[in-house]
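Notes for the one structure printed next.
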Number of protein chains: 2
Amino acid sequence: MSWKKRVAEAAVARLPTYSRALDELDRKGVEIISSDELGEKVGYSAAQIRKDLSCFGEFGKVGTGYYVKDLKEAISQILGIDRAWNVALVGAGNLGSALLAYPGFRERGFRIVAVFDNDLRKIGKKWENVILQDISEMPEKIKEQGIQIGIIAVPAKVAQQIADMLVLSGIRAILNFAPARIVVPDGVELRAADLSRELERLSYFLTNEAAIRTEALQKGKVAGGEEDKTRESHHYRQDW
Amino acid sequence: MSWKKRVAEAAVARLPTYSRALDELDRKGVEIISSDELGEKVGYSAAQIRKDLSCFGEFGKVGTGYYVKDLKEAISQILGIDRAWNVALVGAGNLGSALLAYPGFRERGFRIVAVFDNDLRKIGKKWENVILQDISEMPEKIKEQGIQIGIIAVPAKVAQQIADMLVLSGIRAILNFAPARIVVPDGVELRAADLSRELERLSYFLTNEAAIRTEALQKGKVAGGEEDKTRESHHYRQDW
DNA sequence: CGACTTCTGTGACGGTTTTCACAAATCGTC
DNA sequence: GACGATTTGTGAAAACCGTCACAGAAGTCG
């Protein structure tokens with residue numbers, strides 16, 4: 001598929017959010033939604049949503065809005081999640097095993113069907129219905145099952161080696177949880193999920209922006225803002 | 001501290017990467033590095049790095065480069081990670097317990113000193129040196145310990161409720177791992193870490209860009225590119 | 001059917017981010 | 001100390017991104 005216009009990378013990054021919101025609306029039985037309402041729900045402006053979608057086609061009906069089912073389906077197709085993806089996970093330490101057990105991936109169509117580690121004590125064990133395999137078997141197994149997406153959850157030191165192995169095994173896309181930069185050849189897509197980075201940005205905020213804001217507030221330069229009626233927080237126990 | 005010029009949000013987002021690279025260089029005994037070399041290491045352009053740093057001051061020496069120790073120290077101060085932060089974690093399920101055990105946070109100065117859940121079977125248990133506490137004790141404990149950063153690792157359904165509680169408890173910054181949008185009042189910083197989103201972006205790539213590239217390649221429109229001599233991947237077993 | 005409301009898709013605009021290019025400062029060497 | 005090589009910091013330009021505003025299509029209602 002090639003699209004109407006140049007596709008903004010930033011727009012693609014927002015599609016998963018739209019997709020999830022539409023899923024929820026659909027489950028609730030909502031049939032039609034305007035860009036205004038959807039924007040309210042996902043936290044982006046209505047114009048943003050319309051512009052994002054316009055990269056890929058025209059999905060709305062003037063004077064009405066978007067048919068939830070149709071838009072949901074369209075975005076799924078654009079993202080390529082109107083199918084299941086088999087995923088290989090490398091590293092069965094703390095993070096790796098949590099990712100394996102994390103239900104969010106499967107809910108969005110990503111099935112971890114192979115897990116590799118080098119800890120001989122773990123090899124052969126069955127976790128979450130997947131048998132832990134030795135790293136040396138990785139290339140063969142990945143090719144065998146035609147897996148295209150790999151998740152790296154090994155220590156930073158060996159992340160590059162694992163990435164190289166994944167590429168040699170024929171992997172086309174990598175999600176890297178190791179706090180290390182890795183390099184992959186052209187044609188392989190790489191994305192970093194650095195868990196600490198976001199905490200560090202929060203630390204920046206607390207150290208700088210928040211201090212500035214507080215200062216300004218004390219000088220009366222920042223409007224008070226409405227007092228934000230806090231939500232009900234009873235009954236949170238039963239449903240998680 | 002208030003800075004030389006308007007600070008680009010995008011620059012702040014890159015500082016953690018620079019920081020980590022400088023740590024590593026320092027550990028290796030490197031004393032001086034140019035923006036060019038650092039750029040090579042972290043994967044950004046030299047100009048990008050110089051521009052980013054210029055928001056905060058002048059740290060380099062013309063004709064020489066940057067003193068690794070000095071720059072490392074300076075960035076730590078800017079980010080506010082030249083100290084330890086106490087962090088509260090809410091949710092001790094799969095993801096929560098992995099985050100608790102994840103060594104990367106502590107390495108960067110973030111200590112999870114309180115964990116809350118609502119599963120009565122878990123309350124009172126000691127994990128990773130932290131005693132699991134009932135969610136109802138959260139406001140009190142957070143105030144008591146003056147915790148400013150909270151991590152949400154609960155199911156999407158209750159994420160907003162937990163966020164509200166955190167805000168009421170006096171939390172100033174939240175890192176949300178739940179796949180749900182949450183809203184917080186002004187003055188509280190919120191960051192989302194959605195694990196599935198990145199996989200979905202990879203799926204987009206595999207479904208669209210990769211296909212286009214392949215097509216182009218077949219028509220001979222894309223240059224072959226150097227054949228990327230693959231790294232040695234022996235001996236990966238001993239060090240992780 | 002006509003008047004009024006609603007809502008999309010998009011061109012135009014302004015803001016932010018990245019890249020480019022270079023003056024000026026410093027280093028190394030002879 | 002002079003000269004060529006190196007490297008920073010920064011304006012200017014380019015690319016990218018988000019918001020605004022509106023024409024025109026469709027819906028609503030009497």
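Numbering starts fresh at 1 for the residues of each chain in the structure tokens, the chains themselves are lettered A, B, ... in the order given, and ligands are numbered from 1 as they appear.
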Show me, as JSON lines, the residues of chain D having an atom within 6 Å of chain B, each with the closest atom pair and its distance in Å, using only C-alpha atoms (C1' of nucleotides).
```
{"residue": "D:DT6", "atom": "C1'", "partner": "B:Gly63", "partner_atom": "CA", "distance": 5.0}
{"residue": "D:DT7", "atom": "C1'", "partner": "B:Gly63", "partner_atom": "CA", "distance": 4.0}
{"residue": "D:DT8", "atom": "C1'", "partner": "B:Val62", "partner_atom": "CA", "distance": 4.4}
```
Save out the residues we just selected, all heavy atoms, as a PDB file, in the first residue's frame.
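Final output, saved to out08.pdb:
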```pdb
ATOM      1  P    DT D   6      42.863  17.691  11.141  1.00  0.00           P
ATOM      2  OP1  DT D   6      43.100  16.256  11.387  1.00  0.00           O
ATOM      3  OP2  DT D   6      42.062  18.165   9.982  1.00  0.00           O
ATOM      4  O5'  DT D   6      42.203  18.303  12.454  1.00  0.00           O
ATOM      5  C5'  DT D   6      42.914  18.250  13.690  1.00  0.00           C
ATOM      6  C4'  DT D   6      42.087  18.904  14.770  1.00  0.00           C
ATOM      7  O4'  DT D   6      42.099  20.346  14.587  1.00  0.00           O
ATOM      8  C3'  DT D   6      40.610  18.497  14.797  1.00  0.00           C
ATOM      9  O3'  DT D   6      40.316  18.048  16.102  1.00  0.00           O
ATOM     10  C2'  DT D   6      39.853  19.777  14.460  1.00  0.00           C
ATOM     11  C1'  DT D   6      40.831  20.851  14.904  1.00  0.00           C
ATOM     12  N1   DT D   6      40.698  22.153  14.208  1.00  0.00           N
ATOM     13  C2   DT D   6      40.569  23.292  14.967  1.00  0.00           C
ATOM     14  O2   DT D   6      40.542  23.274  16.192  1.00  0.00           O
ATOM     15  N3   DT D   6      40.465  24.458  14.247  1.00  0.00           N
ATOM     16  C4   DT D   6      40.483  24.586  12.869  1.00  0.00           C
ATOM     17  O4   DT D   6      40.386  25.679  12.341  1.00  0.00           O
ATOM     18  C5   DT D   6      40.619  23.357  12.133  1.00  0.00           C
ATOM     19  C7   DT D   6      40.648  23.388  10.644  1.00  0.00           C
ATOM     20  C6   DT D   6      40.725  22.204  12.827  1.00  0.00           C
ATOM     21  P    DT D   7      38.984  17.233  16.391  1.00  0.00           P
ATOM     22  OP1  DT D   7      39.297  16.279  17.454  1.00  0.00           O
ATOM     23  OP2  DT D   7      38.400  16.791  15.101  1.00  0.00           O
ATOM     24  O5'  DT D   7      38.046  18.367  16.969  1.00  0.00           O
ATOM     25  C5'  DT D   7      38.442  19.032  18.161  1.00  0.00           C
ATOM     26  C4'  DT D   7      37.522  20.197  18.390  1.00  0.00           C
ATOM     27  O4'  DT D   7      37.828  21.253  17.450  1.00  0.00           O
ATOM     28  C3'  DT D   7      36.040  19.887  18.168  1.00  0.00           C
ATOM     29  O3'  DT D   7      35.319  20.124  19.347  1.00  0.00           O
ATOM     30  C2'  DT D   7      35.606  20.815  17.060  1.00  0.00           C
ATOM     31  C1'  DT D   7      36.639  21.926  17.160  1.00  0.00           C
ATOM     32  N1   DT D   7      36.792  22.683  15.912  1.00  0.00           N
ATOM     33  C2   DT D   7      36.821  24.057  15.984  1.00  0.00           C
ATOM     34  O2   DT D   7      36.750  24.672  17.020  1.00  0.00           O
ATOM     35  N3   DT D   7      36.943  24.695  14.765  1.00  0.00           N
ATOM     36  C4   DT D   7      37.025  24.094  13.529  1.00  0.00           C
ATOM     37  O4   DT D   7      37.130  24.773  12.516  1.00  0.00           O
ATOM     38  C5   DT D   7      36.987  22.661  13.516  1.00  0.00           C
ATOM     39  C7   DT D   7      37.054  21.925  12.224  1.00  0.00           C
ATOM     40  C6   DT D   7      36.870  22.024  14.703  1.00  0.00           C
ATOM     41  P    DT D   8      33.739  19.783  19.428  1.00  0.00           P
ATOM     42  OP1  DT D   8      33.608  18.710  20.417  1.00  0.00           O
ATOM     43  OP2  DT D   8      33.136  19.638  18.102  1.00  0.00           O
ATOM     44  O5'  DT D   8      33.231  21.138  20.076  1.00  0.00           O
ATOM     45  C5'  DT D   8      33.982  21.733  21.106  1.00  0.00           C
ATOM     46  C4'  DT D   8      33.725  23.227  21.132  1.00  0.00           C
ATOM     47  O4'  DT D   8      34.141  23.799  19.873  1.00  0.00           O
ATOM     48  C3'  DT D   8      32.254  23.597  21.319  1.00  0.00           C
ATOM     49  O3'  DT D   8      32.122  24.477  22.415  1.00  0.00           O
ATOM     50  C2'  DT D   8      31.847  24.261  20.001  1.00  0.00           C
ATOM     51  C1'  DT D   8      33.167  24.686  19.388  1.00  0.00           C
ATOM     52  N1   DT D   8      33.205  24.609  17.903  1.00  0.00           N
ATOM     53  C2   DT D   8      33.339  25.780  17.178  1.00  0.00           C
ATOM     54  O2   DT D   8      33.416  26.884  17.709  1.00  0.00           O
ATOM     55  N3   DT D   8      33.391  25.610  15.820  1.00  0.00           N
ATOM     56  C4   DT D   8      33.314  24.426  15.107  1.00  0.00           C
ATOM     57  O4   DT D   8      33.368  24.409  13.894  1.00  0.00           O
ATOM     58  C5   DT D   8      33.161  23.241  15.925  1.00  0.00           C
ATOM     59  C7   DT D   8      33.070  21.922  15.251  1.00  0.00           C
ATOM     60  C6   DT D   8      33.118  23.382  17.268  1.00  0.00           C
TER      61       DT D   8
END
```
Distance query C:DC30 at most 12 Å, only C-alpha atoms (C1' of nucleotides), self and fewer than 2 positions along chain excluded, as a short mmCIF file (atom, residue, chain, number, x, y, z; two decimals) with N, CA, C and O atoms (P, O5', C5', C4', C3', O3' and C1' of nucleotides), in the first residue's frame:
```cif
data_model
loop_
_atom_site.label_atom_id
_atom_site.label_comp_id
_atom_site.auth_asym_id
_atom_site.auth_seq_id
_atom_site.Cartn_x
_atom_site.Cartn_y
_atom_site.Cartn_z
P DG C 28 47.36 19.63 22.04
"O5'" DG C 28 48.21 19.54 20.70
"C5'" DG C 28 47.57 19.15 19.50
"C4'" DG C 28 48.58 19.10 18.37
"C3'" DG C 28 49.98 18.67 18.79
"O3'" DG C 28 50.53 17.88 17.74
"C1'" DG C 28 50.07 20.86 17.88
P DG D 1 56.21 34.39 21.20
"O5'" DG D 1 55.79 34.98 19.80
"C5'" DG D 1 56.86 35.29 18.93
"C4'" DG D 1 56.61 34.61 17.62
"C3'" DG D 1 55.16 34.77 17.12
"O3'" DG D 1 55.23 34.76 15.71
"C1'" DG D 1 55.61 32.50 17.38
P DA D 2 54.36 35.75 14.87
"O5'" DA D 2 54.22 34.89 13.55
"C5'" DA D 2 55.38 34.25 13.02
"C4'" DA D 2 54.94 33.03 12.23
"C3'" DA D 2 53.59 33.17 11.56
"O3'" DA D 2 53.67 32.54 10.28
"C1'" DA D 2 53.54 31.32 12.99
P DC D 3 52.52 32.72 9.21
"O5'" DC D 3 52.12 31.22 8.88
"C5'" DC D 3 53.08 30.15 8.98
"C4'" DC D 3 52.33 28.83 8.99
"C3'" DC D 3 50.94 28.91 8.36
"O3'" DC D 3 50.68 27.70 7.66
"C1'" DC D 3 50.73 28.17 10.56
P DG D 4 49.64 27.64 6.45
"O5'" DG D 4 49.05 26.17 6.60
"C5'" DG D 4 49.92 25.07 6.88
"C4'" DG D 4 49.19 24.07 7.77
"C3'" DG D 4 47.78 23.74 7.29
"O3'" DG D 4 47.59 22.34 7.39
"C1'" DG D 4 47.72 24.49 9.53
#
```
Neighbours of stretch 85-97 of chain A within 9 Å (only C-alpha atoms (C1' of nucleotides); same-chain residues fewer than 3 positions away dropped), as a PDB file with N, CA, C and O atoms, in the first residue's frame?
```pdb
ATOM      1  N   ILE A  81      -1.892  -4.436  12.034  1.00  0.00           N
ATOM      2  CA  ILE A  81      -2.234  -5.286  13.176  1.00  0.00           C
ATOM      3  C   ILE A  81      -3.587  -5.948  12.990  1.00  0.00           C
ATOM      4  O   ILE A  81      -4.224  -6.379  13.943  1.00  0.00           O
ATOM      5  N   LEU A 100       7.201 -11.522  28.729  1.00  0.00           N
ATOM      6  CA  LEU A 100       6.579 -12.762  28.277  1.00  0.00           C
ATOM      7  C   LEU A 100       5.177 -12.902  28.875  1.00  0.00           C
ATOM      8  O   LEU A 100       4.241 -13.333  28.203  1.00  0.00           O
ATOM      9  N   ALA A 101       5.046 -12.511  30.133  1.00  0.00           N
ATOM     10  CA  ALA A 101       3.766 -12.687  30.820  1.00  0.00           C
ATOM     11  C   ALA A 101       2.820 -11.506  30.598  1.00  0.00           C
ATOM     12  O   ALA A 101       1.643 -11.581  30.917  1.00  0.00           O
ATOM     13  N   TYR A 102       3.347 -10.435  30.062  1.00  0.00           N
ATOM     14  CA  TYR A 102       2.540  -9.212  29.884  1.00  0.00           C
ATOM     15  C   TYR A 102       1.408  -9.464  28.897  1.00  0.00           C
ATOM     16  O   TYR A 102       1.643  -9.794  27.731  1.00  0.00           O
ATOM     17  N   GLY A 109      -2.203  -8.322  19.375  1.00  0.00           N
ATOM     18  CA  GLY A 109      -1.872  -9.171  18.233  1.00  0.00           C
ATOM     19  C   GLY A 109      -0.431  -9.628  18.139  1.00  0.00           C
ATOM     20  O   GLY A 109      -0.023 -10.175  17.117  1.00  0.00           O
ATOM     21  N   PHE A 110       0.341  -9.410  19.199  1.00  0.00           N
ATOM     22  CA  PHE A 110       1.734  -9.854  19.162  1.00  0.00           C
ATOM     23  C   PHE A 110       1.925 -11.066  20.061  1.00  0.00           C
ATOM     24  O   PHE A 110       1.705 -10.990  21.271  1.00  0.00           O
ATOM     25  N   ARG A 111       2.294 -12.191  19.462  1.00  0.00           N
ATOM     26  CA  ARG A 111       2.452 -13.429  20.212  1.00  0.00           C
ATOM     27  C   ARG A 111       3.920 -13.774  20.361  1.00  0.00           C
ATOM     28  O   ARG A 111       4.618 -13.963  19.346  1.00  0.00           O
ATOM     29  N   ILE A 112       4.371 -13.856  21.567  1.00  0.00           N
ATOM     30  CA  ILE A 112       5.745 -14.301  21.785  1.00  0.00           C
ATOM     31  C   ILE A 112       5.751 -15.815  21.675  1.00  0.00           C
ATOM     32  O   ILE A 112       5.236 -16.511  22.547  1.00  0.00           O
ATOM     33  N   VAL A 113       6.313 -16.304  20.585  1.00  0.00           N
ATOM     34  CA  VAL A 113       6.244 -17.739  20.317  1.00  0.00           C
ATOM     35  C   VAL A 113       7.583 -18.431  20.510  1.00  0.00           C
ATOM     36  O   VAL A 113       7.699 -19.638  20.326  1.00  0.00           O
ATOM     37  N   ALA A 114       8.606 -17.660  20.836  1.00  0.00           N
ATOM     38  CA  ALA A 114       9.922 -18.264  21.075  1.00  0.00           C
ATOM     39  C   ALA A 114      10.691 -17.386  22.046  1.00  0.00           C
ATOM     40  O   ALA A 114      10.695 -16.175  21.908  1.00  0.00           O
ATOM     41  N   VAL A 115      11.306 -18.032  23.039  1.00  0.00           N
ATOM     42  CA  VAL A 115      12.105 -17.300  24.016  1.00  0.00           C
ATOM     43  C   VAL A 115      13.480 -17.939  24.087  1.00  0.00           C
ATOM     44  O   VAL A 115      13.599 -19.161  24.170  1.00  0.00           O
ATOM     45  N   PHE A 116      14.496 -17.098  24.074  1.00  0.00           N
ATOM     46  CA  PHE A 116      15.864 -17.608  24.096  1.00  0.00           C
ATOM     47  C   PHE A 116      16.646 -17.007  25.248  1.00  0.00           C
ATOM     48  O   PHE A 116      16.455 -15.835  25.595  1.00  0.00           O
ATOM     49  N   ASP A 117      17.494 -17.823  25.847  1.00  0.00           N
ATOM     50  CA  ASP A 117      18.372 -17.336  26.910  1.00  0.00           C
ATOM     51  C   ASP A 117      19.643 -18.176  26.864  1.00  0.00           C
ATOM     52  O   ASP A 117      19.740 -19.143  26.098  1.00  0.00           O
ATOM     53  N   ASN A 118      20.611 -17.797  27.663  1.00  0.00           N
ATOM     54  CA  ASN A 118      21.831 -18.604  27.691  1.00  0.00           C
ATOM     55  C   ASN A 118      22.043 -19.263  29.046  1.00  0.00           C
ATOM     56  O   ASN A 118      23.062 -19.899  29.280  1.00  0.00           O
ATOM     57  N   ASP A 119      21.079 -19.095  29.930  1.00  0.00           N
ATOM     58  CA  ASP A 119      21.197 -19.697  31.255  1.00  0.00           C
ATOM     59  C   ASP A 119      20.743 -21.147  31.176  1.00  0.00           C
ATOM     60  O   ASP A 119      19.555 -21.440  31.059  1.00  0.00           O
ATOM     61  N   LYS A 122      17.753 -22.578  32.883  1.00  0.00           N
ATOM     62  CA  LYS A 122      16.394 -22.233  32.471  1.00  0.00           C
ATOM     63  C   LYS A 122      15.954 -22.982  31.211  1.00  0.00           C
ATOM     64  O   LYS A 122      14.764 -23.183  30.979  1.00  0.00           O
ATOM     65  N   TRP A 127       7.553 -21.690  30.208  1.00  0.00           N
ATOM     66  CA  TRP A 127       6.978 -20.494  30.821  1.00  0.00           C
ATOM     67  C   TRP A 127       5.885 -19.963  29.919  1.00  0.00           C
ATOM     68  O   TRP A 127       6.118 -19.745  28.736  1.00  0.00           O
ATOM     69  N   LEU A 132      11.598 -22.437  26.904  1.00  0.00           N
ATOM     70  CA  LEU A 132      12.807 -21.635  26.837  1.00  0.00           C
ATOM     71  C   LEU A 132      13.876 -22.397  26.059  1.00  0.00           C
ATOM     72  O   LEU A 132      14.204 -23.535  26.387  1.00  0.00           O
ATOM     73  N   ILE A 135      20.141 -20.051  23.324  1.00  0.00           N
ATOM     74  CA  ILE A 135      20.406 -18.981  22.364  1.00  0.00           C
ATOM     75  C   ILE A 135      21.030 -19.507  21.071  1.00  0.00           C
ATOM     76  O   ILE A 135      20.805 -18.958  19.992  1.00  0.00           O
ATOM     77  N   MET A 138      18.739 -20.125  18.236  1.00  0.00           N
ATOM     78  CA  MET A 138      17.933 -19.011  17.780  1.00  0.00           C
ATOM     79  C   MET A 138      17.852 -18.875  16.267  1.00  0.00           C
ATOM     80  O   MET A 138      16.737 -18.839  15.713  1.00  0.00           O
ATOM     81  N   ILE A 142      14.187 -19.176  14.473  1.00  0.00           N
ATOM     82  CA  ILE A 142      13.574 -17.969  13.926  1.00  0.00           C
ATOM     83  C   ILE A 142      13.281 -18.147  12.443  1.00  0.00           C
ATOM     84  O   ILE A 142      12.202 -17.791  11.955  1.00  0.00           O
ATOM     85  N   GLN A 145      10.330 -20.622  11.907  1.00  0.00           N
ATOM     86  CA  GLN A 145       8.980 -20.101  12.169  1.00  0.00           C
ATOM     87  C   GLN A 145       8.704 -18.796  11.431  1.00  0.00           C
ATOM     88  O   GLN A 145       7.643 -18.204  11.588  1.00  0.00           O
ATOM     89  N   GLY A 146       9.671 -18.343  10.669  1.00  0.00           N
ATOM     90  CA  GLY A 146       9.470 -17.113   9.908  1.00  0.00           C
ATOM     91  C   GLY A 146       9.166 -15.903  10.766  1.00  0.00           C
ATOM     92  O   GLY A 146       8.376 -15.036  10.386  1.00  0.00           O
ATOM     93  N   ILE A 147       9.814 -15.839  11.918  1.00  0.00           N
ATOM     94  CA  ILE A 147       9.564 -14.715  12.825  1.00  0.00           C
ATOM     95  C   ILE A 147      10.259 -13.464  12.304  1.00  0.00           C
ATOM     96  O   ILE A 147      11.408 -13.510  11.892  1.00  0.00           O
ATOM     97  N   GLN A 148       9.542 -12.347  12.337  1.00  0.00           N
ATOM     98  CA  GLN A 148      10.087 -11.111  11.775  1.00  0.00           C
ATOM     99  C   GLN A 148      10.396 -10.054  12.824  1.00  0.00           C
ATOM    100  O   GLN A 148      11.072  -9.066  12.547  1.00  0.00           O
ATOM    101  N   ILE A 149       9.839 -10.225  14.031  1.00  0.00           N
ATOM    102  CA  ILE A 149      10.028  -9.210  15.068  1.00  0.00           C
ATOM    103  C   ILE A 149      10.742  -9.825  16.260  1.00  0.00           C
ATOM    104  O   ILE A 149      10.380 -10.912  16.720  1.00  0.00           O
ATOM    105  N   GLY A 150      11.762  -9.122  16.755  1.00  0.00           N
ATOM    106  CA  GLY A 150      12.496  -9.598  17.916  1.00  0.00           C
ATOM    107  C   GLY A 150      12.512  -8.578  19.034  1.00  0.00           C
ATOM    108  O   GLY A 150      12.575  -7.369  18.778  1.00  0.00           O
ATOM    109  N   ILE A 151      12.428  -9.060  20.265  1.00  0.00           N
ATOM    110  CA  ILE A 151      12.522  -8.183  21.429  1.00  0.00           C
ATOM    111  C   ILE A 151      13.797  -8.524  22.181  1.00  0.00           C
ATOM    112  O   ILE A 151      14.041  -9.689  22.494  1.00  0.00           O
ATOM    113  N   ILE A 152      14.598  -7.514  22.453  1.00  0.00           N
ATOM    114  CA  ILE A 152      15.846  -7.716  23.178  1.00  0.00           C
ATOM    115  C   ILE A 152      15.673  -7.306  24.625  1.00  0.00           C
ATOM    116  O   ILE A 152      15.323  -6.159  24.904  1.00  0.00           O
ATOM    117  N   ALA A 153      15.879  -8.252  25.530  1.00  0.00           N
ATOM    118  CA  ALA A 153      15.772  -7.958  26.963  1.00  0.00           C
ATOM    119  C   ALA A 153      16.952  -8.593  27.682  1.00  0.00           C
ATOM    120  O   ALA A 153      16.792  -9.333  28.642  1.00  0.00           O
ATOM    121  N   VAL A 154      18.134  -8.287  27.179  1.00  0.00           N
ATOM    122  CA  VAL A 154      19.369  -8.814  27.771  1.00  0.00           C
ATOM    123  C   VAL A 154      20.173  -7.638  28.329  1.00  0.00           C
ATOM    124  O   VAL A 154      19.848  -6.482  28.042  1.00  0.00           O
ATOM    125  N   PRO A 155      21.202  -7.901  29.117  1.00  0.00           N
ATOM    126  CA  PRO A 155      22.013  -6.793  29.634  1.00  0.00           C
ATOM    127  C   PRO A 155      22.642  -5.970  28.509  1.00  0.00           C
ATOM    128  O   PRO A 155      22.901  -6.490  27.420  1.00  0.00           O
ATOM    129  N   ILE A 162      23.475  -9.698  20.439  1.00  0.00           N
ATOM    130  CA  ILE A 162      22.173 -10.315  20.213  1.00  0.00           C
ATOM    131  C   ILE A 162      21.496  -9.711  18.991  1.00  0.00           C
ATOM    132  O   ILE A 162      20.913 -10.424  18.167  1.00  0.00           O
ATOM    133  N   PHE A 177      15.051  -3.311  24.651  1.00  0.00           N
ATOM    134  CA  PHE A 177      14.846  -2.838  26.018  1.00  0.00           C
ATOM    135  C   PHE A 177      16.154  -2.649  26.770  1.00  0.00           C
ATOM    136  O   PHE A 177      16.148  -2.182  27.902  1.00  0.00           O
TER     137      PHE A 177
ATOM    138  N   ASN B  94       2.809  -8.729  37.131  1.00  0.00           N
ATOM    139  CA  ASN B  94       3.971  -9.120  36.331  1.00  0.00           C
ATOM    140  C   ASN B  94       4.906  -7.957  36.078  1.00  0.00           C
ATOM    141  O   ASN B  94       6.092  -8.008  36.361  1.00  0.00           O
ATOM    142  N   LEU B  95       4.312  -6.913  35.504  1.00  0.00           N
ATOM    143  CA  LEU B  95       5.121  -5.785  35.102  1.00  0.00           C
ATOM    144  C   LEU B  95       5.696  -5.073  36.315  1.00  0.00           C
ATOM    145  O   LEU B  95       6.887  -4.763  36.377  1.00  0.00           O
ATOM    146  N   SER B  97       6.378  -6.136  39.296  1.00  0.00           N
ATOM    147  CA  SER B  97       7.477  -6.814  39.993  1.00  0.00           C
ATOM    148  C   SER B  97       8.738  -6.828  39.147  1.00  0.00           C
ATOM    149  O   SER B  97       9.853  -6.771  39.674  1.00  0.00           O
ATOM    150  N   ALA B  98       8.584  -6.844  37.836  1.00  0.00           N
ATOM    151  CA  ALA B  98       9.765  -6.751  36.979  1.00  0.00           C
ATOM    152  C   ALA B  98      10.423  -5.384  37.124  1.00  0.00           C
ATOM    153  O   ALA B  98      11.642  -5.269  37.208  1.00  0.00           O
ATOM    154  N   LEU B  99       9.615  -4.358  37.185  1.00  0.00           N
ATOM    155  CA  LEU B  99      10.167  -3.011  37.348  1.00  0.00           C
ATOM    156  C   LEU B  99      10.881  -2.898  38.686  1.00  0.00           C
ATOM    157  O   LEU B  99      11.932  -2.277  38.801  1.00  0.00           O
ATOM    158  N   ALA B 101      12.379  -5.208  40.242  1.00  0.00           N
ATOM    159  CA  ALA B 101      13.643  -5.949  40.216  1.00  0.00           C
ATOM    160  C   ALA B 101      14.618  -5.408  39.174  1.00  0.00           C
ATOM    161  O   ALA B 101      15.789  -5.767  39.172  1.00  0.00           O
ATOM    162  N   TYR B 102      14.136  -4.559  38.315  1.00  0.00           N
ATOM    163  CA  TYR B 102      14.967  -4.030  37.226  1.00  0.00           C
ATOM    164  C   TYR B 102      16.115  -3.198  37.784  1.00  0.00           C
ATOM    165  O   TYR B 102      15.893  -2.186  38.454  1.00  0.00           O
ATOM    166  N   SER B 203       5.237  -2.903  13.430  1.00  0.00           N
ATOM    167  CA  SER B 203       4.307  -3.579  12.537  1.00  0.00           C
ATOM    168  C   SER B 203       3.992  -2.696  11.335  1.00  0.00           C
ATOM    169  O   SER B 203       3.938  -3.164  10.193  1.00  0.00           O
TER     170      SER B 203
END
```
Write out as an NGL selection string all residues of stretch 21-209 of chain A that backbone DSSP assigns to strand (DSSP E).
:A and (32-33 or 66-67 or 85-90 or 110-117 or 126-127 or 130-134 or 149-152 or 173-176 or 189-192)
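Distance annotation: of A:Lys5, A:Lys72, A:Ala13, A:Asp52, the residue with the minimal separation from chain B is A:Ala13; atom set is only C-alpha atoms.
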So that each row is one residue of chain B with an atom at most 6 Å from chain A, can you give its shortest atom pair and the distance in Å to one decimal, using only C-alpha atoms, rows by chain and rising number, as a Markdown table?
```
| residue | atom | partner | partner_atom | distance |
| --- | --- | --- | --- | --- |
| B:Pro16 | CA | A:Arg197 | CA | 5.9 |
| B:Leu79 | CA | A:Tyr204 | CA | 4.4 |
| B:Gly80 | CA | A:Thr207 | CA | 5.5 |
| B:Asn94 | CA | A:Ala98 | CA | 5.3 |
| B:Leu95 | CA | A:Ala98 | CA | 5.5 |
| B:Ala98 | CA | A:Asn94 | CA | 5.3 |
| B:Phe105 | CA | A:Ser196 | CA | 5.8 |
| B:Gln161 | CA | A:Ser233 | CA | 5.7 |
| B:Ser196 | CA | A:Phe105 | CA | 5.8 |
| B:Arg197 | CA | A:Pro16 | CA | 5.9 |
| B:Ser203 | CA | A:Gly80 | CA | 5.6 |
| B:Tyr204 | CA | A:Leu79 | CA | 4.4 |
| B:Thr207 | CA | A:Gly80 | CA | 5.5 |
| B:Ser233 | CA | A:Gln161 | CA | 5.7 |
```
Record the distance separating atom CA of B:Glu24 and atom CA of B:Ala84, expressed in Å with one decimal.
19.3 Å
Helix (DSSP H, G or I) residues, from DSSP on the backbone, in stretch 100-151 of chain B, as a list in words
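Reading the DSSP output for stretch 100-151 of chain B, helix (DSSP H, G or I) covers Leu100, Ala101, Pro103, Gly104, Phe105, Arg106, Glu107, Ile135, Ser136, Glu137, Met138, Pro139, Glu140, Lys141, Ile142, Lys143, Glu144 and Gln145 of chain B.
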Which residue gives the smallest distance to chain B among C:DT5, C:DT18, C:DT29, C:DT10, with only C-alpha atoms (C1' of nucleotides) counted?
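So, comparing all the options, the nearest one is C:DT18.
Nearest to chain A of all the residues C:DC22, C:DC27, C:DG15, C:DC7 is C:DC7, counting only C-alpha atoms (C1' of nucleotides).
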Which residues of chain C sit at most 10 Å from chain B, using only C-alpha atoms (C1' of nucleotides)? Give each one's shortest atom pair and distance in Å (one decimal place), in chain and ascending residue order, as CSV.
```
residue,atom,partner,partner_atom,distance
C:DT16,C1',B:Ala8,CA,8.2
C:DT17,C1',B:Ala10,CA,7.7
C:DT18,C1',B:Gln48,CA,7.2
C:DT19,C1',B:Ala47,CA,7.7
C:DC20,C1',B:Ala47,CA,9.0
C:DA24,C1',B:Val62,CA,9.1
C:DA25,C1',B:Val62,CA,5.7
C:DT26,C1',B:Gly63,CA,4.7
C:DC27,C1',B:Gly63,CA,6.1
```
For a quick check of understanding, using only C-alpha atoms (C1' of nucleotides), which of D:DC16, D:DC22, D:DC29, D:DA5 has the smallest distance to C:DA3?
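Closest to C:DA3 of all the choices is D:DC29.
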